[in-house]
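Novice: Sharing work33.txt here; it has compact mmCIF, N, CA and C atoms.
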```txt
# COMPACT_ATOMS: atom_id res chain seq x y z
N MET A 1 96.24 -75.74 42.90
CA MET A 1 96.43 -75.31 41.53
C MET A 1 97.12 -73.95 41.58
N ASN A 2 98.27 -73.84 40.92
CA ASN A 2 98.98 -72.57 40.96
C ASN A 2 98.45 -71.63 39.89
N HIS A 3 99.01 -70.43 39.87
CA HIS A 3 98.54 -69.38 38.97
C HIS A 3 98.67 -69.78 37.50
N ASP A 4 99.79 -70.43 37.14
CA ASP A 4 99.99 -70.84 35.75
C ASP A 4 98.98 -71.89 35.33
N ASP A 5 98.66 -72.84 36.23
CA ASP A 5 97.66 -73.86 35.92
C ASP A 5 96.28 -73.22 35.73
N GLN A 6 95.96 -72.24 36.56
CA GLN A 6 94.68 -71.54 36.42
C GLN A 6 94.62 -70.79 35.10
N ALA A 7 95.73 -70.15 34.74
CA ALA A 7 95.78 -69.41 33.48
C ALA A 7 95.64 -70.36 32.30
N ASP A 8 96.31 -71.53 32.37
CA ASP A 8 96.20 -72.52 31.31
C ASP A 8 94.77 -73.05 31.18
N ALA A 9 94.12 -73.28 32.33
CA ALA A 9 92.74 -73.77 32.31
C ALA A 9 91.82 -72.73 31.69
N LEU A 10 92.01 -71.47 32.06
CA LEU A 10 91.18 -70.41 31.49
C LEU A 10 91.45 -70.25 30.00
N ALA A 11 92.71 -70.34 29.60
CA ALA A 11 93.05 -70.22 28.18
C ALA A 11 92.41 -71.35 27.37
N SER A 12 92.41 -72.56 27.91
CA SER A 12 91.80 -73.67 27.18
C SER A 12 90.29 -73.47 27.07
N LYS A 13 89.66 -72.90 28.09
CA LYS A 13 88.23 -72.63 28.01
C LYS A 13 87.92 -71.55 26.97
N VAL A 14 88.77 -70.53 26.92
CA VAL A 14 88.58 -69.48 25.92
C VAL A 14 88.77 -70.06 24.52
N ASP A 15 89.80 -70.90 24.34
CA ASP A 15 90.02 -71.55 23.04
C ASP A 15 88.82 -72.40 22.64
N ALA A 16 88.26 -73.13 23.61
CA ALA A 16 87.09 -73.96 23.33
C ALA A 16 85.89 -73.10 22.94
N LEU A 17 85.73 -71.97 23.61
CA LEU A 17 84.61 -71.07 23.29
C LEU A 17 84.77 -70.49 21.89
N ILE A 18 85.98 -70.11 21.55
CA ILE A 18 86.22 -69.56 20.21
C ILE A 18 86.01 -70.64 19.15
N ALA A 19 86.49 -71.85 19.43
CA ALA A 19 86.30 -72.95 18.49
C ALA A 19 84.81 -73.25 18.32
N LYS A 20 84.06 -73.20 19.42
CA LYS A 20 82.61 -73.43 19.38
C LYS A 20 81.94 -72.36 18.52
N ARG A 21 82.40 -71.11 18.69
CA ARG A 21 81.84 -70.00 17.90
C ARG A 21 82.15 -70.18 16.42
N ASN A 22 83.38 -70.60 16.12
CA ASN A 22 83.79 -70.76 14.72
C ASN A 22 83.19 -72.00 14.08
N ALA A 23 82.67 -72.93 14.88
CA ALA A 23 82.10 -74.17 14.34
C ALA A 23 80.72 -73.94 13.75
N GLY A 24 80.08 -72.82 14.06
CA GLY A 24 78.74 -72.51 13.54
C GLY A 24 78.78 -72.33 12.04
N ASP A 25 77.63 -71.98 11.48
CA ASP A 25 77.62 -71.81 10.02
C ASP A 25 78.44 -70.59 9.64
N ALA A 26 78.90 -70.56 8.40
CA ALA A 26 79.84 -69.54 7.94
C ALA A 26 79.21 -68.16 7.92
N THR A 27 77.91 -68.06 7.73
CA THR A 27 77.28 -66.73 7.68
C THR A 27 77.19 -66.13 9.08
N ALA A 28 77.07 -66.95 10.11
CA ALA A 28 76.94 -66.43 11.47
C ALA A 28 78.30 -66.02 12.05
N ALA A 29 79.37 -66.58 11.51
CA ALA A 29 80.70 -66.29 12.04
C ALA A 29 81.23 -65.01 11.42
N ASP A 30 80.86 -63.89 11.98
CA ASP A 30 81.33 -62.59 11.52
C ASP A 30 82.56 -62.21 12.33
N ALA A 31 83.61 -61.75 11.68
CA ALA A 31 84.86 -61.44 12.37
C ALA A 31 84.70 -60.32 13.38
N ARG A 32 83.65 -59.52 13.26
CA ARG A 32 83.43 -58.42 14.20
C ARG A 32 82.78 -58.89 15.49
N ASN A 33 82.21 -60.10 15.51
CA ASN A 33 81.56 -60.63 16.71
C ASN A 33 82.62 -60.99 17.75
N ILE A 34 82.26 -60.83 19.00
CA ILE A 34 83.17 -61.13 20.10
C ILE A 34 82.54 -62.22 20.94
N PRO A 35 83.26 -63.31 21.21
CA PRO A 35 82.70 -64.38 22.06
C PRO A 35 82.57 -63.89 23.50
N VAL A 36 81.56 -64.37 24.19
CA VAL A 36 81.32 -63.97 25.57
C VAL A 36 81.28 -65.24 26.42
N LEU A 37 81.97 -65.21 27.56
CA LEU A 37 81.95 -66.34 28.47
C LEU A 37 80.66 -66.27 29.27
N THR A 38 79.85 -67.33 29.19
CA THR A 38 78.58 -67.33 29.90
C THR A 38 78.44 -68.47 30.88
N ASP A 39 79.38 -69.42 30.89
CA ASP A 39 79.28 -70.55 31.80
C ASP A 39 79.69 -70.11 33.20
N LEU A 40 78.88 -70.52 34.18
CA LEU A 40 79.22 -70.23 35.57
C LEU A 40 80.06 -71.37 36.11
N ILE A 41 81.09 -71.03 36.84
CA ILE A 41 81.98 -72.01 37.41
C ILE A 41 81.85 -71.92 38.91
N ASP A 42 81.64 -73.08 39.56
CA ASP A 42 81.52 -73.09 41.01
C ASP A 42 82.85 -72.76 41.65
N ALA A 43 82.80 -71.96 42.68
CA ALA A 43 84.01 -71.62 43.42
C ALA A 43 84.51 -72.86 44.15
N PRO A 44 85.82 -73.03 44.25
CA PRO A 44 86.34 -74.20 44.95
C PRO A 44 86.06 -74.09 46.45
N ALA A 45 85.92 -75.23 47.07
CA ALA A 45 85.73 -75.24 48.52
C ALA A 45 87.03 -74.79 49.17
N TRP A 46 86.90 -74.01 50.24
CA TRP A 46 88.10 -73.49 50.89
C TRP A 46 87.89 -73.47 52.39
N SER A 47 88.93 -73.84 53.07
CA SER A 47 88.95 -73.66 54.52
C SER A 47 90.39 -73.35 54.90
N PRO A 48 90.60 -72.60 55.96
CA PRO A 48 91.98 -72.23 56.32
C PRO A 48 92.79 -73.44 56.72
N ARG A 49 94.09 -73.40 56.44
CA ARG A 49 94.97 -74.51 56.78
C ARG A 49 95.06 -74.70 58.29
N ASN A 50 95.26 -73.63 58.98
CA ASN A 50 95.37 -73.67 60.44
C ASN A 50 94.25 -72.80 61.01
N PRO A 51 93.09 -73.40 61.29
CA PRO A 51 91.99 -72.57 61.79
C PRO A 51 92.38 -71.85 63.07
N SER A 52 92.04 -70.59 63.10
CA SER A 52 92.30 -69.78 64.28
C SER A 52 90.97 -69.25 64.79
N PRO A 53 90.95 -68.63 65.96
CA PRO A 53 89.68 -68.10 66.47
C PRO A 53 89.03 -67.10 65.52
N LEU A 54 89.82 -66.44 64.70
CA LEU A 54 89.24 -65.47 63.76
C LEU A 54 88.45 -66.16 62.65
N HIS A 55 88.75 -67.46 62.37
CA HIS A 55 88.08 -68.16 61.29
C HIS A 55 86.84 -68.92 61.74
N THR A 56 86.58 -68.99 63.01
CA THR A 56 85.40 -69.69 63.47
C THR A 56 84.18 -68.83 63.28
N LEU A 57 83.06 -69.47 63.05
CA LEU A 57 81.84 -68.72 62.77
C LEU A 57 80.99 -68.47 64.01
N SER A 58 81.37 -69.05 65.15
CA SER A 58 80.52 -68.90 66.33
C SER A 58 80.43 -67.46 66.83
N PRO A 59 81.52 -66.76 67.15
CA PRO A 59 81.34 -65.37 67.56
C PRO A 59 81.30 -64.46 66.34
N ALA A 60 80.60 -63.36 66.48
CA ALA A 60 80.57 -62.37 65.41
C ALA A 60 81.95 -61.75 65.29
N PRO A 61 82.34 -61.31 64.08
CA PRO A 61 83.68 -60.73 63.91
C PRO A 61 83.92 -59.55 64.85
N THR A 62 82.89 -58.75 65.09
CA THR A 62 83.09 -57.62 65.99
C THR A 62 83.36 -58.09 67.41
N ASP A 63 82.76 -59.22 67.82
CA ASP A 63 83.02 -59.77 69.14
C ASP A 63 84.46 -60.24 69.25
N VAL A 64 84.96 -60.87 68.20
CA VAL A 64 86.34 -61.35 68.21
C VAL A 64 87.29 -60.16 68.29
N LEU A 65 87.05 -59.15 67.48
CA LEU A 65 87.92 -57.98 67.50
C LEU A 65 87.84 -57.26 68.84
N ALA A 66 86.65 -57.20 69.41
CA ALA A 66 86.51 -56.55 70.71
C ALA A 66 87.24 -57.32 71.80
N SER A 67 87.37 -58.63 71.64
CA SER A 67 88.04 -59.43 72.67
C SER A 67 89.55 -59.38 72.55
N LEU A 68 90.07 -58.84 71.44
CA LEU A 68 91.52 -58.77 71.26
C LEU A 68 92.09 -57.56 71.98
N SER A 69 93.28 -57.73 72.52
CA SER A 69 93.96 -56.60 73.16
C SER A 69 94.59 -55.73 72.08
N ASP A 70 95.04 -54.56 72.47
CA ASP A 70 95.71 -53.67 71.52
C ASP A 70 96.95 -54.32 70.95
N ASP A 71 97.68 -55.07 71.77
CA ASP A 71 98.88 -55.76 71.28
C ASP A 71 98.51 -56.83 70.26
N ASP A 72 97.39 -57.55 70.51
CA ASP A 72 96.95 -58.57 69.55
C ASP A 72 96.54 -57.93 68.23
N ILE A 73 95.84 -56.80 68.31
CA ILE A 73 95.43 -56.10 67.08
C ILE A 73 96.65 -55.59 66.33
N ASP A 74 97.63 -55.06 67.05
CA ASP A 74 98.87 -54.61 66.39
C ASP A 74 99.59 -55.78 65.73
N ALA A 75 99.65 -56.92 66.43
CA ALA A 75 100.31 -58.10 65.87
C ALA A 75 99.57 -58.58 64.63
N LEU A 76 98.22 -58.58 64.70
CA LEU A 76 97.43 -58.99 63.54
C LEU A 76 97.62 -58.04 62.37
N SER A 77 97.66 -56.75 62.66
CA SER A 77 97.89 -55.75 61.60
C SER A 77 99.25 -55.96 60.95
N GLN A 78 100.27 -56.23 61.77
CA GLN A 78 101.60 -56.46 61.24
C GLN A 78 101.65 -57.73 60.39
N GLU A 79 100.94 -58.76 60.83
CA GLU A 79 100.90 -60.01 60.06
C GLU A 79 100.22 -59.80 58.72
N ILE A 80 99.11 -59.06 58.74
CA ILE A 80 98.40 -58.77 57.48
C ILE A 80 99.28 -57.96 56.55
N LEU A 81 99.94 -56.93 57.09
CA LEU A 81 100.83 -56.10 56.29
C LEU A 81 101.97 -56.95 55.71
N ALA A 82 102.53 -57.84 56.52
CA ALA A 82 103.63 -58.69 56.05
C ALA A 82 103.15 -59.61 54.94
N ARG A 83 101.96 -60.19 55.10
CA ARG A 83 101.43 -61.09 54.05
C ARG A 83 101.15 -60.34 52.76
N VAL A 84 100.55 -59.16 52.87
CA VAL A 84 100.25 -58.37 51.67
C VAL A 84 101.55 -57.96 50.98
N SER A 85 102.51 -57.50 51.77
CA SER A 85 103.80 -57.09 51.19
C SER A 85 104.49 -58.26 50.52
N GLN A 86 104.44 -59.43 51.15
CA GLN A 86 105.07 -60.62 50.57
C GLN A 86 104.39 -60.99 49.25
N ARG A 87 103.08 -60.89 49.22
CA ARG A 87 102.33 -61.22 48.00
C ARG A 87 102.66 -60.24 46.88
N ILE A 88 102.69 -58.95 47.24
CA ILE A 88 103.02 -57.93 46.24
C ILE A 88 104.43 -58.14 45.71
N ASP A 89 105.37 -58.39 46.63
CA ASP A 89 106.75 -58.62 46.20
C ASP A 89 106.84 -59.81 45.27
N ALA A 90 106.15 -60.88 45.60
CA ALA A 90 106.24 -62.10 44.79
C ALA A 90 105.63 -61.91 43.41
N GLU A 91 104.50 -61.22 43.33
CA GLU A 91 103.79 -61.11 42.06
C GLU A 91 104.29 -59.96 41.18
N LEU A 92 104.77 -58.89 41.80
CA LEU A 92 105.15 -57.73 41.02
C LEU A 92 106.65 -57.62 40.75
N ALA A 93 107.45 -58.37 41.48
CA ALA A 93 108.89 -58.26 41.29
C ALA A 93 109.31 -58.59 39.87
N THR A 94 108.77 -59.66 39.33
CA THR A 94 109.12 -60.06 37.97
C THR A 94 108.66 -59.02 36.95
N SER A 95 107.44 -58.53 37.14
CA SER A 95 106.92 -57.51 36.23
C SER A 95 107.72 -56.23 36.30
N LEU A 96 108.06 -55.82 37.52
CA LEU A 96 108.85 -54.61 37.70
C LEU A 96 110.22 -54.76 37.07
N LYS A 97 110.84 -55.91 37.27
CA LYS A 97 112.16 -56.15 36.69
C LYS A 97 112.11 -56.08 35.17
N ALA A 98 111.09 -56.67 34.57
CA ALA A 98 110.96 -56.67 33.10
C ALA A 98 110.74 -55.25 32.58
N ARG A 99 109.89 -54.49 33.26
CA ARG A 99 109.63 -53.11 32.81
C ARG A 99 110.87 -52.24 32.96
N LEU A 100 111.57 -52.38 34.08
CA LEU A 100 112.79 -51.60 34.27
C LEU A 100 113.83 -51.97 33.22
N HIS A 101 113.96 -53.27 32.94
CA HIS A 101 114.92 -53.72 31.93
C HIS A 101 114.59 -53.11 30.58
N GLU A 102 113.31 -53.14 30.22
CA GLU A 102 112.89 -52.58 28.93
C GLU A 102 113.16 -51.08 28.87
N HIS A 103 112.81 -50.37 29.94
CA HIS A 103 113.00 -48.91 29.97
C HIS A 103 114.48 -48.56 29.93
N LEU A 104 115.27 -49.23 30.76
CA LEU A 104 116.70 -48.94 30.80
C LEU A 104 117.38 -49.32 29.49
N GLN A 105 116.94 -50.42 28.88
CA GLN A 105 117.54 -50.85 27.62
C GLN A 105 117.33 -49.79 26.55
N SER A 106 116.12 -49.21 26.48
CA SER A 106 115.87 -48.18 25.48
C SER A 106 116.69 -46.92 25.77
N GLN A 107 116.84 -46.58 27.05
CA GLN A 107 117.65 -45.41 27.42
C GLN A 107 119.13 -45.65 27.07
N ILE A 108 119.62 -46.85 27.35
CA ILE A 108 121.01 -47.17 27.04
C ILE A 108 121.24 -47.15 25.53
N ASN A 109 120.31 -47.73 24.78
CA ASN A 109 120.45 -47.72 23.31
C ASN A 109 120.50 -46.30 22.77
N ALA A 110 119.63 -45.43 23.29
CA ALA A 110 119.62 -44.03 22.83
C ALA A 110 120.94 -43.34 23.19
N ALA A 111 121.46 -43.59 24.40
CA ALA A 111 122.71 -42.97 24.81
C ALA A 111 123.88 -43.45 23.96
N VAL A 112 123.93 -44.76 23.70
CA VAL A 112 125.02 -45.32 22.88
C VAL A 112 124.95 -44.76 21.46
N THR A 113 123.76 -44.68 20.90
CA THR A 113 123.60 -44.12 19.55
C THR A 113 124.07 -42.68 19.51
N HIS A 114 123.70 -41.90 20.52
CA HIS A 114 124.10 -40.48 20.58
C HIS A 114 125.62 -40.35 20.69
N VAL A 115 126.23 -41.15 21.57
CA VAL A 115 127.68 -41.09 21.76
C VAL A 115 128.40 -41.52 20.49
N LEU A 116 127.92 -42.57 19.84
CA LEU A 116 128.56 -43.03 18.59
C LEU A 116 128.48 -41.96 17.51
N THR A 117 127.35 -41.30 17.42
CA THR A 117 127.20 -40.22 16.43
C THR A 117 128.19 -39.11 16.71
N ASP A 118 128.29 -38.71 17.99
CA ASP A 118 129.25 -37.66 18.35
C ASP A 118 130.68 -38.10 18.08
N MET A 119 131.00 -39.37 18.40
CA MET A 119 132.36 -39.86 18.19
C MET A 119 132.70 -39.92 16.71
N LYS A 120 131.74 -40.33 15.88
CA LYS A 120 132.00 -40.38 14.43
C LYS A 120 132.30 -38.99 13.91
N LEU A 121 131.55 -38.00 14.39
CA LEU A 121 131.77 -36.63 13.96
C LEU A 121 133.14 -36.14 14.43
N ASP A 122 133.50 -36.45 15.68
CA ASP A 122 134.81 -36.05 16.21
C ASP A 122 135.94 -36.72 15.43
N ILE A 123 135.77 -38.01 15.14
CA ILE A 123 136.81 -38.74 14.38
C ILE A 123 136.94 -38.17 12.98
N ALA A 124 135.81 -37.89 12.35
CA ALA A 124 135.86 -37.30 10.99
C ALA A 124 136.56 -35.94 11.03
N ASN A 125 136.27 -35.12 12.04
CA ASN A 125 136.94 -33.82 12.16
C ASN A 125 138.44 -33.99 12.41
N ASP A 126 138.82 -34.94 13.27
CA ASP A 126 140.25 -35.19 13.54
C ASP A 126 140.96 -35.65 12.27
N ILE A 127 140.33 -36.55 11.51
CA ILE A 127 140.94 -37.02 10.25
C ILE A 127 141.10 -35.86 9.28
N GLY A 128 140.08 -35.01 9.19
CA GLY A 128 140.18 -33.84 8.31
C GLY A 128 141.29 -32.91 8.73
N ASP A 129 141.46 -32.69 10.05
CA ASP A 129 142.54 -31.83 10.54
C ASP A 129 143.90 -32.41 10.21
N VAL A 130 144.05 -33.73 10.37
CA VAL A 130 145.33 -34.38 10.06
C VAL A 130 145.63 -34.29 8.56
N VAL A 131 144.63 -34.52 7.73
CA VAL A 131 144.83 -34.44 6.28
C VAL A 131 145.20 -33.00 5.87
N ASN A 132 144.50 -32.02 6.44
CA ASN A 132 144.81 -30.61 6.13
C ASN A 132 146.22 -30.25 6.57
N ALA A 133 146.63 -30.72 7.76
CA ALA A 133 147.98 -30.44 8.24
C ALA A 133 149.02 -31.09 7.33
N ALA A 134 148.75 -32.33 6.88
CA ALA A 134 149.69 -33.01 5.99
C ALA A 134 149.78 -32.29 4.65
N LEU A 135 148.67 -31.83 4.13
CA LEU A 135 148.68 -31.08 2.87
C LEU A 135 149.41 -29.75 3.02
N ALA A 136 149.21 -29.08 4.14
CA ALA A 136 149.88 -27.80 4.38
C ALA A 136 151.40 -28.01 4.47
N ASP A 137 151.83 -29.07 5.15
CA ASP A 137 153.27 -29.37 5.23
C ASP A 137 153.85 -29.66 3.85
N ARG A 138 153.13 -30.40 3.08
CA ARG A 138 153.60 -30.76 1.72
C ARG A 138 153.70 -29.50 0.84
N LEU A 139 152.69 -28.62 0.96
CA LEU A 139 152.73 -27.39 0.14
C LEU A 139 153.87 -26.48 0.57
N ARG A 140 154.22 -26.44 1.84
CA ARG A 140 155.31 -25.61 2.32
C ARG A 140 156.67 -26.11 1.79
N ARG A 141 156.79 -27.41 1.63
CA ARG A 141 158.05 -27.99 1.16
C ARG A 141 158.27 -27.76 -0.33
N THR A 142 157.24 -27.58 -1.04
CA THR A 142 157.43 -27.42 -2.50
C THR A 142 157.53 -26.00 -2.93
```
Please express what this file holds, its structure, as structure tokens.

Specialist:
Amino acid sequence: MNHDDQADALASKVDALIAKRNAGDATAADARNIPVLTDLIDAPAWSPRNPSPLHTLSPAPTDVLASLSDDDIDALSQEILARVSQRIDAELATSLKARLHEHLQSQINAAVTHVLTDMKLDIANDIGDVVNAALADRLRRT
């Protein structure tokens, strides 16, 4: 079950809880009340896809770590770091992209508005200068 399916399942349970709350008598359904999730859900059964010596329950974890060489511990540390980094990249990349887009969009809009305001003022001043010059030329001729 992927993350979206889990979110959909949780959303349907919340909707059912709210519907259950709203189904009661009208006097008990106060808009200030907040529904509370009270059902316990059993955790799914899990076992590693490729069992390794670290996942076996026979030796104590400290025994397994003590039996590893420094190179094995370094390799394990690198693997853990790579997995965590991959997970963070996968889950946060979309969120980061959306936030950056929103932030940059507001900055760009503000910059464009500022430049347009300045340009309108410059254009109005240029038009006024041209009109004044044309009037001055006309007055000199008469």

Novice: For atom N of A:Ile18 and atom C of A:Ala45, determine how far apart the two atoms are, in Å to one decimal place.

Specialist: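 Computing the Euclidean distance for atom N of A:Ile18 and atom C of A:Ala45 yields 28.0 Å.
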
Novice: Could you check how far atom N of A:Leu76 sits from atom N of A:Val64, in Å to one decimal?

Specialist: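 These two atoms are separated by 13.9 Å.
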
Novice: Expressed in Å to a single decimal, how great is the separation between atom CA of A:Leu100 and atom N of A:Val112?

Specialist: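 Atom-to-atom, atom CA of A:Leu100 to atom N of A:Val112, that is 16.8 Å.
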